[in-house]
Structures are given as structure tokens and as C-alpha cells.
Amino acid sequence: MFKLDTGSQVNVIPKSELLKWDEKPVVRNCKIAVLDYSDNRVPILGECYLNCETKRYRKTYKFLVTSLNSCPILGLEACRELGLIQRLNMIYKSPIETPELILKEFADVFTGTGRLKRIVKIKLKENSVPHVAAPRKVPLAIHNKVKEELSNMVEAGIISKVEKPSG
């Protein structure tokens with residue numbers, strides 16, 4: 001089983017994979033530096049040639065043999081030639097999602113307050129230490145609006161008034 005990696009310019013197979021085979025390929029020394037996607041050096045032990053076959057194609061490719069215990073990688077060129085990937089030169093224009101369209105499509109979600117259909121249990125982290133913060137002052141300019149909104153939320157059953165610290 002190979003990982004198809006269109007970002008790879010080489011084919012790579014771990015030595016551990018080759019050791020499982022009855023017919024072991026000839027591995028020749030090679031001096032090539034390979035970097036992975038994180039710019040880490042990949043330890044290369046040598047190179048070998050392997051036959052690759054799909055339903056429609058059969059071809060021999062050079063594989064770099066690594067000491068890493070990883071998934072074998074089939075690079076871009078082999079993926080293309082074996083018909084495993086194809087380039088699509090099409091652009092589909094999707095409708096522009098404006099806030100108005102989203103609000104219209106999902107009106108049931110954005111209308112009214114809504115309630116959950118079941119009781120929700122909030123699980124807290126074990127051994128957590130509660131922290132009490134002093135209440136923040138509401139700016140005088142919006143004090144009445146905040147008080148009115150809190151009253152509306154209490155009446156709607158969204159929140160309940162707390163007279164003293166809980167817990």
C-alpha cells in the first residue's frame with residue numbers, strides 16, 4: 001500500500017518493507033540528499049528499481065530506500081504516469097454567500113431565542129480550582145440598556161438572577 005504524494009519528486013520505500021518480500025530487489029548505493037516536507041533530512045540507504053502496476057499501466061520506477069519505518073511513497077511523476085491522479089482544468093463558480101442569503105436559508109436558526117431540546121451537562125476538569133473574579137463595572141453610558149437587556153433575558157427564562165455567589 002503506497003501513499004500518493006503529489007508534493008514528492010521522488011519515490012521512497014522503507015528498507016523494512018523490502019525485507020518482507022520474497023524476492024528482494026538489488027539496492028545500489030546512491031548519494032542523494034532528500035528533505036521531507038518539514039525540511040528534515042531523510043536518511044537514504046540506497047536506490048532500487050521496482051515494477052509498479054495499475055489496472056491500465058505497468059512501469060518500472062526508481063525508489064529511494066530509507067531507514068525510516070514509514071509508509072512507502074509514490075511521487076508526482078509516478079502518480080501521473082500510472083493514471084492515479086489527473087489534472088482538472090475546470091473552475092466552478094459557486095454562489096456568493098452573503099450574510100443575507102445565510103440568514104434567509106437558515107431562518108429557523110436565526111429567529112428568536114431558541115432552546116436546546118435536552119438538558120446539557122457541563123463536565124468540569126477534575127481537580128480544577130475555582131476562580132472568583134470581581135464583577136466588572138458597566139460603563140454609565142450603557143448601564144440602563146444592559147439592565148433592561150438582563151431583565152428581558154430573565155423574563156424569557158434564558159438566565160436567572162443570582163443574589164449571592166454560587167458554589
# chains A, B, ... in the order shown; residues from 1 in each chain; ligands from 1
call {"tool": "residues_around", "arguments": {"residues": "region 70-73 of chain A", "least_positions_apart": "3", "cutoff": "9 Å", "atoms": "only C-alpha atoms", "output": "PyMOL selection string"}}
result
chain A and resi 1-5+8+10-14+16-17+63+66-67
call {"tool": "select_by_dssp", "arguments": {"residues": "region 59-154 of chain A", "states": "helix (DSSP H, G or I)", "output": "number ranges by chain"}}
result
A: 76-81, 99-105, 107-110, 140-154
call {"tool": "residues_around", "arguments": {"residues": "region 155-162 of chain A", "least_positions_apart": "5", "cutoff": "9 Å", "atoms": "only C-alpha atoms", "output": "PyMOL selection string"}}
result
chain A and resi 113+115+150
call {"tool": "write_last_selection", "arguments": {"atoms": "C-alpha atoms", "output": "short mmCIF file (atom, residue, chain, number, x, y, z; two decimals), in the first residue's frame"}}
result
data_model
loop_
_atom_site.label_atom_id
_atom_site.label_comp_id
_atom_site.auth_asym_id
_atom_site.auth_seq_id
_atom_site.Cartn_x
_atom_site.Cartn_y
_atom_site.Cartn_z
CA THR A 113 -34.06 32.79 21.15
CA ARG A 115 -33.90 26.38 23.42
CA LEU A 150 -30.71 41.47 31.57
#
call {"tool": "closest_residue", "arguments": {"among": "A:Thr6, A:Val138, A:Leu45, A:Glu163", "to": "Glu77 (chain A)", "atoms": "only C-alpha atoms"}}
result
A:Thr6
call {"tool": "closest_residue", "arguments": {"among": "A:Ala33, A:Leu68, A:Val27, A:Ala107", "to": "Cys48 (chain A)", "atoms": "only C-alpha atoms"}}
result
A:Val27
call {"tool": "select_by_dssp", "arguments": {"residues": "region 15-164 of chain A", "states": "strand (DSSP E or B)", "output": "number ranges by chain"}}
result
A: 28, 34-35, 41-42, 44-53, 58-66, 73-74
call {"tool": "atom_distance", "arguments": {"atom1": "CA of Val132 (chain A)", "atom2": "CA of Arg118 (chain A)"}}
result
29.0 Å
call {"tool": "atom_distance", "arguments": {"atom1": "CA of Lys55 (chain A)", "atom2": "CA of Glu81 (chain A)"}}
result
12.5 Å
call {"tool": "atom_distance", "arguments": {"atom1": "CA of Ala78 (chain A)", "atom2": "CA of Leu50 (chain A)"}}
result
11.5 Å
